[in-house]
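Only one structure is covered here, and it is reproduced in the block below.
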Amino acid sequence: MTDRELASRFPAGDDDIVRAVYGRYGGAVYTVAMSILGDPTRAADVVQATFANAWQASHRFDPDRELGPWLYTIARRQAIDAYRRERRTEPTDPSELEIIELPPSLEQAWEAWQVRLAIDQLPGDECDVVRMSWFDGLAHQEIAERLGVPVGTVKSRSHRAHRRLATLLAHVRDENRSESSAVPIDGSRHDNQDDHQ
Amino acid sequence: MNDEQPPDGTDPDADESESRAALAPFAASLGSAAVWSVPPDELEALVLERVRAAAATNSDAPAASPARVRGVISRRLLPAVAAAVVAFAIGFAIANRSDDDANAMADVQLAGTELAPTASASGDVVDRGAGYAIRLDMDGLPPAPEGSYYEGWLRADDGEMVSVGTFHMRGGDGSVVLWSGVRVAEYSTLIVTEQVERSPDDSHDQVVLEGEIERR
């Protein structure tokens, strides 16, 4: 089902459609929440709130727009609100209440969203190799040992995975190159500018 | 497993080096725990529950039907209307208030945040044709410090925000009227932030009051 079909059917709130939207974007929404909050329990709360709020606002969503950046905007807002709520409930010096900081990882949230969406499109075996390579910092030989497969298999999977991932993220790299670091924290360059104040 | 052979007869090491170089700008994200974090299995079911709950709440909500008392005035009421016009001319504010009350389309109750815990506000939203007047009676909101001011915002469920005006509370009787040129019915929340004058930072993070807009 295309994004446009998902967006147009989302307001009906059918379980299958909600599952489909969650299946496509749930991981990326969770990533945004984790990148801002760093806590699995609160990130899960943010994911629930994001989809509930998105559904409530879905009748106003223009299906000609991309569904992903819209969900990202809601997720980011929910995560920031959760972050601020937590900070405000902490016992703090009253003078510090004047400054409600933004989460330090906010600028990375948009890129994390894009990378997660790309990773979620990789086949499982390729995804494992990329994770072990970039996140665990393992060499091909170590990955082969961990997976119990020949090192040639790991090389082949890694080759395919990296080529695929580079293709999936090419547009983000191009945007970053052309627009520097001015915009990406809220994904607004992907949205209809009329929707941003 | 038959995928040990390099595809296309190419040198996979060389080709991967090229792809890796292309991914280098994303090294921080690819190495972050958040990107690789796995949502709990039960999260999908919880999301479904939340959406179902939201749907149930919406279906129980009263249909949007702003109360309007304006209508055709019969001839036999014209004298009364004339009298009303005189009264309107004499006591514009009172009459205007009465008309506003009839045209109020939503109620607003705001509670103070941790930045202004003793503050609150109540009011309504009136369709005045040219726009929506958001009439608030403030209670406990201190005057904005010199160099700062308060700003009202409508916020939609998706986080979109629209400014509805500014005020400072350094005088007056606590009543404030904000104005919206967008359809208030499409926004669920009214917030008030404290802003710094001429600050390059145009964020609206310092929320002092927040509350739902309850449609009548």
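As shown in the structure tokens, the chain order sets the letters A, B, ...; within each chain, residues go from 1, and ligands are also counted from 1 in the order they appear.
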List the neighbours of stretch 131-142 of chain A out to 9 Å using only C-alpha atoms; skip same-chain residues closer than 4 positions along the sequence, and give me the result as a PyMOL selection string.
-> (chain A and resi 126-127+146-147+150-152+154-155+158) or (chain B and resi 27+30-33+36)
Surrounding residues of A:Leu71 excluding itself and chain neighbours under 6 positions, 10 Å, only C-alpha atoms, as an MDAnalysis selection string | (chainID A and resid 21 25:26 28:29 50:51 53:54 77) or (chainID B and resid 158)
Write out the residues from the selection above, keeping all heavy atoms, as an mmCIF file, in the first residue's frame.
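Done, and the output landed in again.cif:
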data_model
loop_
_atom_site.group_PDB
_atom_site.id
_atom_site.type_symbol
_atom_site.label_atom_id
_atom_site.label_comp_id
_atom_site.auth_asym_id
_atom_site.auth_seq_id
_atom_site.Cartn_x
_atom_site.Cartn_y
_atom_site.Cartn_z
ATOM 1 N N VAL A 21 0.327 1.490 9.168
ATOM 2 C CA VAL A 21 1.077 2.728 9.415
ATOM 3 C C VAL A 21 2.143 2.486 10.487
ATOM 4 O O VAL A 21 3.295 2.909 10.346
ATOM 5 C CB VAL A 21 0.129 3.875 9.836
ATOM 6 C CG1 VAL A 21 0.921 5.134 10.191
ATOM 7 C CG2 VAL A 21 -0.869 4.182 8.717
ATOM 8 N N TYR A 25 6.136 2.918 10.045
ATOM 9 C CA TYR A 25 6.783 4.048 10.726
ATOM 10 C C TYR A 25 7.007 3.870 12.222
ATOM 11 O O TYR A 25 7.644 4.713 12.848
ATOM 12 C CB TYR A 25 5.951 5.326 10.490
ATOM 13 C CG TYR A 25 5.964 5.770 9.059
ATOM 14 C CD1 TYR A 25 4.849 5.593 8.240
ATOM 15 C CD2 TYR A 25 7.101 6.331 8.493
ATOM 16 C CE1 TYR A 25 4.859 5.983 6.910
ATOM 17 C CE2 TYR A 25 7.123 6.723 7.162
ATOM 18 C CZ TYR A 25 5.999 6.543 6.375
ATOM 19 O OH TYR A 25 6.041 6.927 5.062
ATOM 20 N N GLY A 26 6.482 2.790 12.786
ATOM 21 C CA GLY A 26 6.600 2.614 14.234
ATOM 22 C C GLY A 26 8.040 2.589 14.714
ATOM 23 O O GLY A 26 8.385 3.201 15.723
ATOM 24 N N ALA A 28 10.675 3.920 13.295
ATOM 25 C CA ALA A 28 11.306 5.235 13.164
ATOM 26 C C ALA A 28 10.782 6.203 14.229
ATOM 27 O O ALA A 28 11.537 7.017 14.766
ATOM 28 C CB ALA A 28 11.061 5.798 11.762
ATOM 29 N N VAL A 29 9.485 6.109 14.543
ATOM 30 C CA VAL A 29 8.933 6.948 15.613
ATOM 31 C C VAL A 29 9.599 6.592 16.939
ATOM 32 O O VAL A 29 9.981 7.470 17.723
ATOM 33 C CB VAL A 29 7.392 6.770 15.710
ATOM 34 C CG1 VAL A 29 6.846 7.415 16.986
ATOM 35 C CG2 VAL A 29 6.709 7.377 14.489
ATOM 36 N N THR A 50 1.983 9.556 19.837
ATOM 37 C CA THR A 50 2.181 10.028 18.458
ATOM 38 C C THR A 50 1.105 9.476 17.530
ATOM 39 O O THR A 50 0.481 10.223 16.758
ATOM 40 C CB THR A 50 3.578 9.604 17.952
ATOM 41 O OG1 THR A 50 4.568 10.253 18.744
ATOM 42 C CG2 THR A 50 3.763 9.987 16.483
ATOM 43 N N PHE A 51 0.876 8.178 17.609
ATOM 44 C CA PHE A 51 -0.107 7.587 16.699
ATOM 45 C C PHE A 51 -1.534 8.020 17.058
ATOM 46 O O PHE A 51 -2.363 8.230 16.166
ATOM 47 C CB PHE A 51 0.031 6.066 16.677
ATOM 48 C CG PHE A 51 1.170 5.613 15.806
ATOM 49 C CD1 PHE A 51 2.438 5.412 16.336
ATOM 50 C CD2 PHE A 51 0.989 5.430 14.447
ATOM 51 C CE1 PHE A 51 3.500 5.025 15.533
ATOM 52 C CE2 PHE A 51 2.042 5.051 13.630
ATOM 53 C CZ PHE A 51 3.310 4.847 14.174
ATOM 54 N N ASN A 53 -2.383 10.905 18.474
ATOM 55 C CA ASN A 53 -2.525 12.297 18.027
ATOM 56 C C ASN A 53 -2.572 12.395 16.510
ATOM 57 O O ASN A 53 -3.314 13.213 15.953
ATOM 58 C CB ASN A 53 -1.373 13.161 18.559
ATOM 59 C CG ASN A 53 -1.557 13.480 20.024
ATOM 60 O OD1 ASN A 53 -2.455 12.954 20.661
ATOM 61 N ND2 ASN A 53 -0.705 14.326 20.563
ATOM 62 N N ALA A 54 -1.768 11.573 15.867
ATOM 63 C CA ALA A 54 -1.785 11.581 14.404
ATOM 64 C C ALA A 54 -3.161 11.163 13.901
ATOM 65 O O ALA A 54 -3.698 11.769 12.964
ATOM 66 C CB ALA A 54 -0.719 10.637 13.861
ATOM 67 N N ARG A 77 7.496 16.397 18.466
ATOM 68 C CA ARG A 77 6.789 17.268 19.395
ATOM 69 C C ARG A 77 6.429 16.504 20.672
ATOM 70 O O ARG A 77 6.599 16.999 21.780
ATOM 71 C CB ARG A 77 5.535 17.829 18.716
ATOM 72 C CG ARG A 77 4.530 18.485 19.631
ATOM 73 C CD ARG A 77 5.058 19.677 20.370
ATOM 74 N NE ARG A 77 5.619 20.696 19.491
ATOM 75 C CZ ARG A 77 6.305 21.754 19.924
ATOM 76 N NH1 ARG A 77 6.528 21.919 21.205
ATOM 77 N NH2 ARG A 77 6.782 22.626 19.064
ATOM 78 N N ASP B 158 -1.250 17.786 15.859
ATOM 79 C CA ASP B 158 0.009 17.402 15.225
ATOM 80 C C ASP B 158 1.154 18.351 15.578
ATOM 81 O O ASP B 158 2.231 18.259 15.010
ATOM 82 C CB ASP B 158 -0.160 17.325 13.705
ATOM 83 C CG ASP B 158 -0.582 18.660 13.103
ATOM 84 O OD1 ASP B 158 -0.672 19.658 13.848
ATOM 85 O OD2 ASP B 158 -0.825 18.709 11.886
#
Just need the residues of chain B within 8 Å of chain A, counting only C-alpha atoms, so spit them out as an MDAnalysis selection string.
-> chainID B and resid 1:7 12:13 15:16 19:20 22:23 25:27 29:40 43:44 46:48 50:52 54:55 114:115 156:162 205:206
Computed gap from atom CA of B:Ala144 to atom CA of B:Gly131 is 26.4 Å
What is the atom CA of B:Asp127 to atom CA of B:Arg215 distance in Å?
->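 Rounded to one decimal, the two atoms are 12.2 Å apart.
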Rounded to one decimal place, report the atom CA of B:Tyr187-atom CA of B:Ala106 distance in Å.
->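 Pair atom CA of B:Tyr187 / atom CA of B:Ala106 returns 11.2 Å.
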All strand (DSSP E) positions in stretch 177-215 of chain B, as a ChimeraX atom specification | /B:177-180,189-196,207-215
Run DSSP on the backbone of this structure and report the residues of stretch 15-177 of chain A it assigns to helix (DSSP H, G or I), as a count of residues only.
-> 132
